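Visitor: So I've got this file, upload24.txt, and it contains compact mmCIF, C-alpha atoms and all ligand atoms:
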```
# COMPACT_ATOMS: atom_id res chain seq x y z
CA MET L 1 -6.95 -0.95 -188.68
CA THR L 2 -10.16 -2.71 -189.69
CA THR L 3 -13.58 -1.53 -188.46
CA PRO L 4 -15.20 -4.17 -186.24
CA ILE L 5 -18.37 -5.67 -187.69
CA LYS L 6 -21.51 -5.16 -185.61
CA LYS L 7 -23.80 -8.17 -185.24
CA VAL L 8 -27.57 -7.81 -185.17
CA VAL L 9 -30.76 -9.83 -184.84
CA ILE L 10 -33.79 -8.92 -186.95
CA LEU L 11 -37.26 -9.65 -185.54
CA GLY L 12 -39.66 -10.03 -188.49
CA PHE L 13 -38.00 -10.80 -191.82
CA GLY L 14 -40.58 -9.57 -194.33
CA ASN L 15 -40.42 -6.62 -196.69
CA ARG L 16 -38.75 -4.19 -194.26
CA GLY L 17 -36.46 -6.65 -192.49
CA GLN L 18 -35.12 -7.76 -195.88
CA CYS L 19 -34.76 -4.12 -196.96
CA TYR L 20 -32.46 -3.51 -193.97
CA ALA L 21 -30.44 -6.66 -194.66
CA LYS L 22 -29.90 -5.46 -198.26
CA GLY L 23 -29.09 -1.94 -197.03
CA PHE L 24 -26.39 -3.19 -194.67
CA ARG L 25 -24.55 -4.45 -197.74
CA SER L 26 -25.25 -1.62 -200.18
CA SER L 27 -24.83 1.26 -197.71
CA LEU L 28 -22.35 -0.20 -195.26
CA GLY L 29 -20.35 -2.85 -197.13
CA SER L 30 -21.63 -5.37 -194.54
CA LEU L 31 -20.24 -3.50 -191.48
CA ILE L 32 -23.52 -4.65 -189.94
CA GLU L 33 -23.98 -8.41 -190.15
CA VAL L 34 -27.32 -10.14 -189.65
CA ILE L 35 -26.43 -13.17 -187.54
CA ALA L 36 -29.96 -14.14 -186.43
CA VAL L 37 -33.54 -13.70 -187.56
CA VAL L 38 -36.72 -14.29 -185.57
CA ASP L 39 -39.74 -15.04 -187.73
CA PRO L 40 -42.52 -17.62 -187.26
CA GLN L 41 -42.40 -18.45 -190.99
CA ILE L 42 -39.29 -20.60 -190.69
CA PRO L 43 -39.16 -22.39 -194.11
CA GLN L 44 -39.90 -19.18 -196.04
CA THR L 45 -37.39 -17.17 -194.00
CA THR L 46 -34.68 -19.82 -194.41
CA LYS L 47 -35.28 -19.84 -198.17
CA THR L 48 -35.16 -16.03 -198.44
CA LEU L 49 -31.95 -15.82 -196.40
CA SER L 50 -30.33 -18.47 -198.57
CA GLN L 51 -31.39 -16.60 -201.75
CA MET L 52 -29.85 -13.45 -200.28
CA GLY L 53 -26.66 -15.30 -199.38
CA ILE L 54 -27.02 -14.56 -195.66
CA SER L 55 -26.04 -17.31 -193.22
CA ALA L 56 -28.11 -16.11 -190.26
CA LYS L 57 -29.69 -18.57 -187.82
CA VAL L 58 -33.51 -18.58 -187.87
CA TYR L 59 -35.67 -18.80 -184.74
CA ALA L 60 -39.46 -19.02 -184.56
CA THR L 61 -39.72 -16.93 -181.38
CA PRO L 62 -37.63 -14.38 -179.47
CA GLU L 63 -37.53 -16.85 -176.57
CA ALA L 64 -35.82 -19.47 -178.78
CA PHE L 65 -33.31 -16.83 -179.90
CA ILE L 66 -32.59 -15.76 -176.31
CA ALA L 67 -32.17 -19.38 -175.19
CA ALA L 68 -29.47 -19.84 -177.85
CA ASN L 69 -27.69 -16.78 -176.38
CA PRO L 70 -25.77 -15.53 -179.44
CA GLU L 71 -23.62 -12.42 -179.00
CA ILE L 72 -25.19 -9.36 -180.61
CA ASP L 73 -24.58 -5.59 -180.71
CA GLY L 74 -28.03 -4.45 -181.79
CA ILE L 75 -31.68 -5.43 -182.31
CA ILE L 76 -33.98 -4.56 -185.21
CA ILE L 77 -37.77 -4.75 -184.79
CA THR L 78 -39.55 -5.09 -188.13
CA THR L 79 -42.52 -7.20 -187.09
CA PRO L 80 -46.05 -6.17 -188.19
CA ASP L 81 -47.32 -2.91 -186.65
CA ASN L 82 -49.34 -4.49 -183.84
CA CYS L 83 -46.51 -6.83 -182.72
CA HIS L 84 -43.94 -4.17 -181.80
CA LEU L 85 -44.84 -4.08 -178.08
CA GLU L 86 -44.62 -7.87 -177.83
CA SER L 87 -41.29 -7.89 -179.73
CA PHE L 88 -39.84 -5.11 -177.57
CA LYS L 89 -40.90 -6.71 -174.28
CA ALA L 90 -39.43 -10.07 -175.29
CA ILE L 91 -35.98 -8.63 -175.96
CA ALA L 92 -35.66 -5.40 -173.93
CA HIS L 93 -33.79 -7.06 -171.04
CA LEU L 94 -30.79 -7.53 -173.36
CA ASN L 95 -30.40 -3.73 -173.14
CA LYS L 96 -28.80 -3.39 -176.59
CA PRO L 97 -29.34 -0.52 -179.05
CA ILE L 98 -32.66 -0.98 -180.87
CA LEU L 99 -33.83 0.10 -184.30
CA ILE L 100 -37.64 -0.10 -184.14
CA GLU L 101 -39.95 0.53 -187.05
CA LYS L 102 -42.63 3.17 -187.29
CA PRO L 103 -45.41 3.29 -186.35
CA LEU L 104 -44.14 2.46 -182.87
CA GLU L 105 -47.28 0.35 -182.44
CA GLY L 106 -50.32 -0.27 -184.61
CA ASP L 107 -52.60 -0.93 -181.65
CA LYS L 108 -53.65 2.06 -179.53
CA GLU L 109 -53.55 0.29 -176.16
CA ASN L 110 -50.21 -1.32 -176.99
CA PHE L 111 -48.84 2.08 -178.03
CA HIS L 112 -49.77 3.59 -174.68
CA GLU L 113 -47.95 0.75 -172.93
CA LEU L 114 -44.92 0.87 -175.24
CA ALA L 115 -44.29 4.66 -175.30
CA PRO L 116 -43.16 4.99 -171.64
CA LEU L 117 -41.12 1.78 -171.93
CA LEU L 118 -39.22 3.25 -174.88
CA LEU L 119 -38.63 6.53 -173.05
CA ALA L 120 -37.28 4.65 -170.02
CA TYR L 121 -35.07 2.24 -172.00
CA GLU L 122 -31.43 2.68 -171.05
CA ALA L 123 -29.74 1.79 -174.35
CA PRO L 124 -30.28 4.02 -177.42
CA ILE L 125 -33.43 3.68 -179.53
CA LEU L 126 -33.50 4.67 -183.19
CA VAL L 127 -36.90 4.80 -184.91
CA GLY L 128 -37.27 3.89 -188.60
CA HIS L 129 -38.50 7.36 -189.56
CA CYS L 130 -36.26 7.11 -192.61
CA MET L 131 -37.62 10.23 -194.31
CA ARG L 132 -35.97 12.48 -191.69
CA HIS L 133 -32.66 11.04 -192.87
CA ALA L 134 -33.32 11.83 -196.57
CA PRO L 135 -30.89 14.46 -197.93
CA ILE L 136 -33.71 16.35 -199.69
CA LEU L 137 -35.60 16.85 -196.42
CA LYS L 138 -32.47 17.65 -194.41
CA LYS L 139 -31.70 20.34 -197.02
CA ALA L 140 -35.25 21.73 -196.77
CA LYS L 141 -34.87 21.98 -193.00
CA GLU L 142 -31.53 23.74 -193.38
CA LEU L 143 -33.02 26.28 -195.84
CA LEU L 144 -35.94 26.98 -193.52
CA GLU L 145 -33.57 27.44 -190.59
CA HIS L 146 -31.67 29.97 -192.71
CA ASN L 147 -34.88 31.95 -193.00
CA GLU L 148 -35.16 31.51 -196.78
CA ILE L 149 -38.93 32.06 -196.66
CA GLY L 150 -39.17 34.13 -193.48
CA LYS L 151 -41.27 32.91 -190.59
CA ILE L 152 -43.18 29.71 -191.36
CA THR L 153 -46.93 30.29 -191.26
CA SER L 154 -48.47 27.18 -192.83
CA MET L 155 -47.73 23.80 -194.36
CA ARG L 156 -49.75 21.94 -196.99
CA PHE L 157 -48.63 18.36 -197.39
CA VAL L 158 -50.03 15.95 -199.99
CA GLN L 159 -49.18 12.30 -200.46
CA ASN L 160 -50.30 10.66 -203.71
CA CYS L 161 -49.54 7.01 -202.99
CA HIS L 162 -49.64 5.21 -206.34
CA TYR L 163 -48.69 1.89 -204.73
CA GLY L 164 -51.52 2.18 -202.19
CA ASP L 165 -53.06 -1.13 -203.35
CA VAL L 166 -50.18 -2.83 -201.47
CA PHE L 167 -51.91 -1.85 -198.21
CA PHE L 168 -55.00 -3.78 -199.31
CA ARG L 169 -53.22 -7.04 -200.19
CA GLY L 170 -52.38 -8.26 -196.68
CA TRP L 171 -52.56 -7.52 -192.94
CA HIS L 172 -52.47 -3.72 -193.38
CA ARG L 173 -56.06 -3.62 -194.64
CA ARG L 174 -57.60 -4.37 -191.22
CA SER L 175 -57.98 -1.60 -188.65
CA GLU L 176 -57.45 -4.30 -186.05
CA ALA L 177 -53.86 -4.60 -187.31
CA ILE L 178 -52.89 -0.99 -188.00
CA THR L 179 -55.72 1.15 -186.50
CA SER L 180 -55.54 3.51 -189.51
CA LEU L 181 -53.29 4.69 -192.33
CA TYR L 182 -53.07 7.89 -190.26
CA LEU L 183 -50.67 5.86 -188.09
CA GLU L 184 -49.24 3.39 -190.56
CA LYS L 185 -48.47 5.85 -193.36
CA ALA L 186 -49.13 9.44 -192.28
CA SER L 187 -46.84 9.09 -189.26
CA HIS L 188 -43.97 9.67 -191.75
CA ASP L 189 -45.55 12.89 -193.01
CA PHE L 190 -46.54 14.14 -189.55
CA ASP L 191 -42.97 13.51 -188.46
CA ILE L 192 -41.62 15.61 -191.36
CA MET L 193 -44.14 18.38 -190.62
CA HIS L 194 -42.80 18.41 -187.07
CA MET L 195 -39.21 18.41 -188.28
CA LEU L 196 -39.65 21.31 -190.71
CA ASN L 197 -41.58 23.18 -188.02
CA GLY L 198 -38.59 23.07 -185.68
CA ASP L 199 -40.04 20.14 -183.73
CA ASN L 200 -43.01 22.20 -182.61
CA TYR L 201 -45.55 19.39 -182.56
CA ALA L 202 -49.22 19.21 -183.57
CA LYS L 203 -51.62 20.54 -180.94
CA SER L 204 -55.05 19.86 -182.41
CA ILE L 205 -56.47 18.17 -185.48
CA PHE L 206 -59.69 17.78 -187.45
CA ALA L 207 -59.67 14.77 -189.74
CA PHE L 208 -61.74 12.93 -192.34
CA SER L 209 -61.33 9.45 -193.73
CA GLN L 210 -63.17 7.64 -196.50
CA ARG L 211 -62.72 4.34 -198.32
CA TYR L 212 -63.68 5.10 -201.91
CA LYS L 213 -61.92 2.41 -203.91
CA PHE L 214 -60.59 -0.70 -202.19
CA GLY L 215 -62.42 -3.35 -200.16
CA GLY L 216 -65.68 -4.99 -201.24
CA ASP L 217 -67.39 -8.36 -201.23
CA LYS L 218 -64.62 -10.80 -202.17
CA PRO L 219 -63.57 -13.56 -199.73
CA ASN L 220 -60.76 -12.60 -197.36
CA ASP L 221 -58.59 -15.55 -198.32
CA LEU L 222 -58.85 -14.99 -202.09
CA SER L 223 -55.46 -14.57 -203.71
CA CYS L 224 -54.92 -13.09 -207.19
CA HIS L 225 -53.17 -16.22 -208.46
CA GLU L 226 -56.23 -18.42 -207.92
CA CYS L 227 -58.85 -15.86 -209.00
CA PRO L 228 -60.75 -16.48 -212.26
CA GLU L 229 -60.96 -12.70 -212.77
CA GLN L 230 -57.23 -12.06 -212.67
CA VAL L 231 -57.08 -11.24 -216.39
CA SER L 232 -59.96 -8.75 -216.32
CA CYS L 233 -59.33 -7.23 -212.87
CA PRO L 234 -57.22 -4.04 -213.25
CA GLU L 235 -55.77 -4.40 -209.74
CA SER L 236 -54.78 -8.08 -210.00
CA VAL L 237 -51.12 -8.87 -209.43
CA LEU L 238 -51.01 -10.10 -213.04
CA ASN L 239 -52.29 -6.80 -214.42
CA GLN L 240 -50.23 -4.70 -212.04
CA GLN L 241 -47.18 -6.51 -213.39
CA ALA L 242 -48.34 -6.10 -216.96
CA THR L 243 -49.22 -2.41 -216.73
CA ILE L 244 -46.71 -0.96 -214.32
CA GLN L 245 -43.99 -3.59 -214.38
CA GLY L 246 -44.91 -4.89 -210.98
CA SER L 247 -43.59 -1.91 -209.07
CA ASN L 248 -46.66 -2.04 -206.84
CA VAL L 249 -46.45 -5.76 -206.28
CA ILE L 250 -44.46 -6.97 -203.34
CA GLU L 251 -43.11 -10.49 -203.58
CA GLU L 252 -45.43 -13.31 -202.69
CA SER L 253 -43.15 -14.18 -199.78
CA ALA L 254 -44.34 -11.02 -198.09
CA GLY L 255 -47.95 -12.26 -198.29
CA ARG L 256 -49.11 -9.31 -200.37
CA HIS L 257 -50.93 -11.07 -203.18
CA LYS L 258 -54.44 -11.12 -201.79
CA CYS L 259 -57.50 -9.54 -203.40
CA VAL L 260 -57.81 -5.78 -202.85
CA TRP L 261 -61.63 -6.09 -202.97
CA ALA L 262 -61.84 -8.23 -199.79
CA GLN L 263 -64.65 -7.91 -197.26
CA GLU L 264 -62.33 -7.43 -194.30
CA ALA L 265 -60.75 -4.21 -195.65
CA ASP L 266 -62.06 -1.56 -193.28
CA ILE L 267 -59.45 1.23 -193.39
CA GLY L 268 -59.72 4.51 -195.30
CA ASP L 269 -58.01 4.96 -198.68
CA ASP L 270 -58.53 8.74 -199.01
CA GLU L 271 -57.97 10.89 -195.93
CA MET L 272 -57.50 14.56 -195.16
CA CYS L 273 -57.00 16.68 -192.06
CA MET L 274 -56.34 20.19 -190.78
CA ILE L 275 -53.74 20.66 -188.05
CA GLU L 276 -52.78 23.41 -185.64
CA PHE L 277 -49.25 23.24 -184.25
CA SER L 278 -48.05 24.31 -180.81
CA ASN L 279 -46.32 27.43 -182.24
CA GLY L 280 -49.45 28.62 -184.08
CA VAL L 281 -48.43 27.32 -187.54
CA GLN L 282 -51.37 25.82 -189.49
CA GLY L 283 -51.26 22.75 -191.68
CA SER L 284 -53.22 20.46 -193.94
CA TYR L 285 -52.47 16.91 -195.01
CA ILE L 286 -54.05 14.68 -197.65
CA GLN L 287 -53.20 11.05 -198.44
CA THR L 288 -54.78 9.13 -201.32
CA PHE L 289 -53.93 5.51 -202.02
CA TYR L 290 -55.02 4.99 -205.64
CA THR L 291 -53.34 7.75 -207.64
CA PRO L 292 -51.68 7.16 -211.04
CA GLN L 293 -48.03 6.17 -210.97
CA ASN L 294 -47.07 8.81 -213.52
CA TYR L 295 -48.39 11.66 -211.36
CA LYS L 296 -46.51 13.36 -208.53
CA GLY L 297 -45.90 11.54 -205.25
CA ARG L 298 -45.40 13.50 -202.05
CA VAL L 299 -45.57 17.26 -202.50
CA TYR L 300 -44.91 19.39 -199.43
CA THR L 301 -45.56 23.15 -199.58
CA VAL L 302 -44.28 25.35 -196.79
CA VAL L 303 -45.49 28.96 -196.73
CA GLY L 304 -43.59 31.74 -194.94
CA THR L 305 -43.99 35.46 -194.45
CA GLU L 306 -41.37 36.14 -197.15
CA GLY L 307 -41.65 33.25 -199.53
CA LEU L 308 -42.77 29.73 -200.28
CA MET L 309 -40.97 26.43 -200.53
CA GLU L 310 -42.26 23.51 -202.58
CA ILE L 311 -40.68 20.13 -201.95
CA ASP L 312 -41.68 17.86 -204.81
CA ILE L 313 -40.24 14.63 -203.45
CA GLY L 314 -40.97 12.62 -206.61
CA HIS L 315 -40.25 8.94 -207.04
CA HIS L 316 -36.71 8.79 -208.45
CA HIS L 317 -35.76 12.46 -208.35
CA GLY L 318 -36.81 15.28 -206.02
CA THR L 319 -36.78 19.06 -206.25
CA ILE L 320 -36.89 21.83 -203.68
CA ALA L 321 -38.02 25.15 -205.18
CA VAL L 322 -37.72 28.29 -203.09
CA HIS L 323 -39.73 31.28 -204.28
CA GLN L 324 -39.16 34.71 -202.73
CA ARG L 325 -42.13 37.04 -202.23
CA TYR L 326 -39.87 40.05 -202.87
CA GLY L 327 -37.88 38.53 -205.69
CA THR L 328 -38.49 39.11 -209.36
CA LYS L 329 -39.35 36.51 -211.98
CA GLY L 330 -36.50 34.05 -212.28
CA ASP L 331 -35.36 34.52 -208.70
CA SER L 332 -36.63 31.14 -207.54
CA VAL L 333 -33.86 28.76 -206.59
CA GLN L 334 -34.04 25.02 -207.15
CA HIS L 335 -32.17 22.16 -205.52
CA HIS L 336 -32.23 18.75 -207.20
CA PHE L 337 -31.77 15.31 -205.68
CA ASP L 338 -31.33 12.02 -207.54
CA TYR L 339 -32.14 8.95 -205.51
CA LEU L 340 -30.52 6.54 -208.02
CA GLY L 341 -32.74 3.65 -206.96
CA ARG L 342 -31.92 4.03 -203.27
CA THR L 343 -34.92 3.51 -201.00
CA HIS L 344 -36.98 6.17 -199.23
CA TYR L 345 -35.48 9.08 -201.14
CA ASN L 346 -32.06 7.84 -200.04
CA GLY L 347 -33.12 8.14 -196.39
CA ASP L 348 -32.45 4.47 -195.62
CA THR L 349 -28.74 4.88 -196.40
CA TYR L 350 -28.29 7.40 -193.61
CA LEU L 351 -30.69 5.62 -191.26
CA VAL L 352 -28.60 2.43 -191.28
CA ARG L 353 -25.36 4.43 -191.04
CA ASN L 354 -26.80 6.19 -188.00
CA PHE L 355 -27.59 2.80 -186.46
CA LEU L 356 -24.00 1.65 -187.08
CA GLY L 357 -22.69 4.84 -185.40
CA ILE L 358 -25.02 4.24 -182.45
CA MET L 359 -23.74 0.68 -182.00
CA GLN L 360 -20.16 1.96 -182.26
CA GLY L 361 -20.94 4.52 -179.54
CA THR L 362 -20.05 7.48 -181.77
CA GLU L 363 -23.55 8.79 -182.67
CA GLU L 364 -26.86 9.60 -181.04
CA PRO L 365 -30.19 8.52 -182.61
CA PHE L 366 -31.25 11.08 -185.24
CA THR L 367 -34.84 9.80 -185.27
CA THR L 368 -35.89 9.54 -181.66
CA ALA L 369 -38.63 7.79 -179.74
CA GLU L 370 -39.82 11.20 -178.48
CA ALA L 371 -40.41 12.51 -182.02
CA ALA L 372 -41.99 9.24 -183.13
CA ILE L 373 -44.38 9.35 -180.16
CA ALA L 374 -45.39 12.88 -181.19
CA ALA L 375 -46.09 11.73 -184.77
CA GLU L 376 -48.08 8.73 -183.57
CA ASN L 377 -50.05 10.82 -181.09
CA THR L 378 -51.00 13.05 -184.04
CA GLY L 379 -52.19 10.01 -185.98
CA LEU L 380 -54.20 8.74 -183.01
CA ALA L 381 -55.85 12.14 -182.55
CA ALA L 382 -56.75 12.09 -186.26
CA VAL L 383 -58.46 8.73 -185.77
CA LYS L 384 -60.36 10.09 -182.76
CA SER L 385 -61.45 13.08 -184.85
CA VAL L 386 -62.66 10.86 -187.71
CA GLN L 387 -64.71 8.82 -185.23
CA SER L 388 -66.15 11.81 -183.34
CA HIS L 389 -66.42 14.32 -186.21
CA GLN L 390 -64.87 16.85 -183.85
CA LEU L 391 -61.64 18.76 -183.42
CA GLN L 392 -59.34 16.74 -181.15
CA SER L 393 -56.37 17.71 -179.01
CA VAL L 394 -53.17 15.83 -179.71
CA ALA L 395 -51.80 14.09 -176.63
CA THR L 396 -48.30 14.98 -175.52
CA LEU L 397 -45.76 12.22 -175.14
CA THR L 398 -47.27 9.32 -173.21
CA SER L 399 -50.57 10.82 -172.04
CA ALA L 400 -53.71 9.24 -173.57
N1 LIG F 501 -39.87 2.98 -192.35
C1 LIG F 501 -40.54 2.63 -193.42
O1 LIG F 501 -40.64 3.37 -194.37
C2 LIG F 501 -41.21 1.27 -193.48
C3 LIG F 501 -41.42 0.64 -194.72
C4 LIG F 501 -42.04 -0.61 -194.71
C5 LIG F 501 -42.45 -1.18 -193.52
N2 LIG F 501 -42.24 -0.52 -192.34
C6 LIG F 501 -42.66 -1.11 -191.06
O2 LIG F 501 -41.95 -2.32 -190.85
C7 LIG F 501 -42.76 -3.26 -190.15
C8 LIG F 501 -42.83 -4.56 -190.95
O3 LIG F 501 -43.50 -4.29 -192.17
P1 LIG F 501 -43.28 -5.22 -193.45
O4 LIG F 501 -43.74 -4.45 -194.61
O5 LIG F 501 -41.90 -5.78 -193.44
O6 LIG F 501 -44.31 -6.39 -193.13
P2 LIG F 501 -44.26 -7.88 -193.70
O7 LIG F 501 -45.60 -8.45 -193.49
O8 LIG F 501 -43.67 -7.87 -195.07
O9 LIG F 501 -43.19 -8.62 -192.73
C9 LIG F 501 -43.45 -8.88 -191.38
C10 LIG F 501 -42.70 -10.15 -191.01
O10 LIG F 501 -42.84 -10.35 -189.61
C11 LIG F 501 -43.11 -11.73 -189.36
N3 LIG F 501 -43.80 -11.82 -188.09
C12 LIG F 501 -45.12 -11.78 -187.82
N4 LIG F 501 -45.34 -11.86 -186.49
C13 LIG F 501 -44.12 -11.95 -185.90
C14 LIG F 501 -43.68 -12.07 -184.57
N5 LIG F 501 -44.54 -12.06 -183.56
N6 LIG F 501 -42.35 -12.16 -184.33
C15 LIG F 501 -41.47 -12.14 -185.37
N7 LIG F 501 -41.84 -12.01 -186.67
C16 LIG F 501 -43.14 -11.93 -186.93
C17 LIG F 501 -43.92 -12.18 -190.55
O11 LIG F 501 -43.85 -13.59 -190.73
C18 LIG F 501 -43.25 -11.41 -191.69
O12 LIG F 501 -42.20 -12.13 -192.26
C19 LIG F 501 -44.12 -2.59 -189.98
O13 LIG F 501 -44.21 -2.01 -188.71
C20 LIG F 501 -44.13 -1.52 -191.06
O14 LIG F 501 -44.96 -0.42 -190.75
C21 LIG F 501 -41.61 0.68 -192.31
```
Would you kindly transcribe this structure into structure tokens?
Guide:
Amino acid sequence: MTTPIKKVVILGFGNRGQCYAKGFRSSLGSLIEVIAVVDPQIPQTTKTLSQMGISAKVYATPEAFIAANPEIDGIIITTPDNCHLESFKAIAHLNKPILIEKPLEGDKENFHELAPLLLAYEAPILVGHCMRHAPILKKAKELLEHNEIGKITSMRFVQNCHYGDVFFRGWHRRSEAITSLYLEKASHDFDIMHMLNGDNYAKSIFAFSQRYKFGGDKPNDLSCHECPEQVSCPESVLNQQATIQGSNVIEESAGRHKCVWAQEADIGDDEMCMIEFSNGVQGSYIQTFYTPQNYKGRVYTVVGTEGLMEIDIGHHHGTIAVHQRYGTKGDSVQHHFDYLGRTHYNGDTYLVRNFLGIMQGTEEPFTTAEAAIAAENTGLAAVKSVQSHQLQSVATLTSA
């Protein structure tokens, strides 16, 4: 008996929408088929789909898609951060399973409107918190639940984001579009802190944010390709390609080729915060967006009464090391994970498989709206703390 193919529409066909379309093939042998795409950039989207060999219909707006009335089994929202509310509202009446990207919304007011709508939605909602699906982090959770380091007392999370320039090449660099990288990027890490802490969420936070490197006095519309300084500028697309083989440079189609020294860049590129969780565990988190590529990426340390766990997530390979306080030298145990080129530490594979199971009616969402709201509330409280220079309480669920 053949497995029926599930048909989906993707709203927003940029970097992430394309990543899902590729993942449906590589992780699911096309058991999910993209039959429609909504994106205002019609010629570019049509070209990209044709290059990918996907014969989906392209619509400029959700209304045009709905008017055409194609039969679908699921909806994917991968529009820019501050368009998620608008995308959700346009399509929610179809009442189909939704995969919506994190952060749930990039705009604070929109987030407060969207959160209760997501909680009240009747069909299942899966959030793109792909890191929760990564085998390395699922294993870490399992080890902690088996008391490998005793009772958790604190967590120290660091993210060295070597490709951070990407966030200064397009819409991400304006607080108007994302509010802060505490939402856009740290929501992943806050979500994993919550997960490893048994879903005991953050209660209060004190946060700092600085912009030390990116932004400046260049025109907002300047693109690397037309810049006379592209040979001498170390962050130009040309030099990024020459020095690190372009791994930081997202295709021009995604609109990420603008100058990182633009005037409009007003978000922090080096941020740190202290967190207290509802069960008394303490935490710290640092994210820096201009670290060298050959240094470590995300490193999560979890301290317990009887040991310590270091999760060195790495770029292509990750390691969990468990050290026992009462062990002797050599007693530490290591677990290794190869990602073999699969995205988000191989989390995307299981995220899309979860979405297939949800559409088939055999699985529940593993990354829920509730947990995503908690992570985003933590990010919003961090922003409030940066602005006020004071400790801030983290809101619970939908409260402001
Ligand atoms: N889970 C993850 O790890 C992860 C990784 C990357 C991106 N994301 C999230 O995915 C979302 C998209 O990010 P991206 O990197 O693909 O951005 P992008 O800029 O590459 O793509 C966004 C696309 O949406 C289109 N668009 C803009 N307004 C629209 C609208 N109103 N309706 C439909 N389409 C519209 C744009 O033309 C563009 O093609 C963001 O929320 C981002 O935070 C998540």
Visitor: Please, which residues have at least one atom within 6 Å of an atom of ligand LIG 501 (chain F), using all atoms listed in the file, listed as a short mmCIF file (atom, residue, chain, number, x, y, z; two decimals) with C-alpha atoms, keeping the file's coordinate frame?
Guide:
```cif
data_model
loop_
_atom_site.label_atom_id
_atom_site.label_comp_id
_atom_site.auth_asym_id
_atom_site.auth_seq_id
_atom_site.Cartn_x
_atom_site.Cartn_y
_atom_site.Cartn_z
CA LEU L 11 -37.26 -9.65 -185.54
CA GLY L 12 -39.66 -10.03 -188.49
CA PHE L 13 -38.00 -10.80 -191.82
CA GLY L 14 -40.58 -9.57 -194.33
CA ASN L 15 -40.42 -6.62 -196.69
CA ARG L 16 -38.75 -4.19 -194.26
CA GLY L 17 -36.46 -6.65 -192.49
CA VAL L 38 -36.72 -14.29 -185.57
CA ASP L 39 -39.74 -15.04 -187.73
CA PRO L 40 -42.52 -17.62 -187.26
CA GLN L 41 -42.40 -18.45 -190.99
CA THR L 78 -39.55 -5.09 -188.13
CA THR L 79 -42.52 -7.20 -187.09
CA PRO L 80 -46.05 -6.17 -188.19
CA ASP L 81 -47.32 -2.91 -186.65
CA CYS L 83 -46.51 -6.83 -182.72
CA GLU L 101 -39.95 0.53 -187.05
CA LYS L 102 -42.63 3.17 -187.29
CA PRO L 103 -45.41 3.29 -186.35
CA GLY L 128 -37.27 3.89 -188.60
CA HIS L 129 -38.50 7.36 -189.56
CA CYS L 130 -36.26 7.11 -192.61
CA GLU L 184 -49.24 3.39 -190.56
CA ALA L 254 -44.34 -11.02 -198.09
#
```
Visitor: Out of L:His225, L:Arg156, L:Arg325, L:Lys138, which residue has the shortest atom-to-atom distance to L:Leu196 when counting only C-alpha atoms?
Guide: L:Lys138
Visitor: Which residue is closest to L:His188? Choose from L:Phe157, L:His316, L:Thr328, L:Gly23 and count all atoms listed in the file.
Guide: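 Of L:Phe157, L:His316, L:Thr328, L:Gly23, the one nearest L:His188, counting all atoms listed in the file, is L:Phe157.
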Visitor: One decimal, Å: what's the distance from atom CA of L:Lys218 over to atom CA of L:Glu264, could you say?
Guide: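 Straight-line distance from atom CA of L:Lys218 to atom CA of L:Glu264 works out to 8.9 Å.
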Visitor: L:Gly361, L:Pro70, L:Gly379, L:Gly314: which is nearest L:Ile178, counting all atoms listed in the file?
Guide: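 Distance minimum relative to L:Ile178 lands on L:Gly379.
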Visitor: Within 10 Å of stretch 118-124 of chain L, counting all atoms listed in the file, which residues show up once you throw out same-chain ones fewer than 4 positions away? Write them as a list in words, please.
Guide: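 Contacts, with the query itself left out: Gly74, Leu85, Phe88, Ala92, His93, Leu94, Asn95, Lys96, Pro97, Ile98, Leu99, Ile100, Leu104, Glu113, Leu114, Phe355, Ile358, Met359, Gly361, Glu363, Glu364, Pro365, Thr368, Ala369, Glu370, Ile373, Leu397 and Thr398 of chain L.
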Visitor: Compile the contact shell of L:Cys233 as a list in words: residues with an atom at most 12 Å away, counting all atoms listed in the file, same-chain residues fewer than 6 positions apart removed.
Guide: Cys224, His225, Cys227, Asn239, Gln240, Ala242, Thr243, Cys259, Val260 and Trp261 of chain L
Visitor: For a test of reading the model, state the distance in Å between atom CA of L:Gln44 and atom CA of L:Leu351, rounded to one decimal.
Guide: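 For atom CA of L:Gln44 relative to atom CA of L:Leu351, the distance reads 26.9 Å.
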Visitor: Quick one, how far is atom CA of L:Gln334 from atom CA of L:Val322?
Guide: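 Between these atoms lies a distance of 6.4 Å.
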Visitor: For L:Ile76, which residue out of L:Leu356, L:Met131, L:Ile205, L:Val394 is the nearest one, using all atoms listed in the file?
Guide: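 For L:Ile76, the nearest of the candidates is L:Leu356.
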Visitor: Ranking L:Thr378, L:Thr343, L:Gln282, L:Asn110 by minimum distance to L:His315 and counting all atoms listed in the file, which one comes first?
Guide: L:Thr343
Visitor: Using only C-alpha atoms - which residues lie no farther than 10 Å from the point (-36.7, 13.8, -184.3) in the file's frame? Write them as a compact mmCIF listing (two decimals) with C-alpha atoms, in the frame of the given file.
Guide:
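Dumped everything to selection.txt:
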```
# COMPACT_ATOMS: atom_id res chain seq x y z
CA LEU L 126 -33.50 4.67 -183.19
CA VAL L 127 -36.90 4.80 -184.91
CA HIS L 129 -38.50 7.36 -189.56
CA ARG L 132 -35.97 12.48 -191.69
CA HIS L 133 -32.66 11.04 -192.87
CA ASP L 191 -42.97 13.51 -188.46
CA ILE L 192 -41.62 15.61 -191.36
CA HIS L 194 -42.80 18.41 -187.07
CA MET L 195 -39.21 18.41 -188.28
CA GLY L 198 -38.59 23.07 -185.68
CA ASP L 199 -40.04 20.14 -183.73
CA PRO L 365 -30.19 8.52 -182.61
CA PHE L 366 -31.25 11.08 -185.24
CA THR L 367 -34.84 9.80 -185.27
CA THR L 368 -35.89 9.54 -181.66
CA ALA L 369 -38.63 7.79 -179.74
CA GLU L 370 -39.82 11.20 -178.48
CA ALA L 371 -40.41 12.51 -182.02
CA ALA L 372 -41.99 9.24 -183.13
CA ILE L 373 -44.38 9.35 -180.16
CA ALA L 374 -45.39 12.88 -181.19
CA ALA L 375 -46.09 11.73 -184.77
```
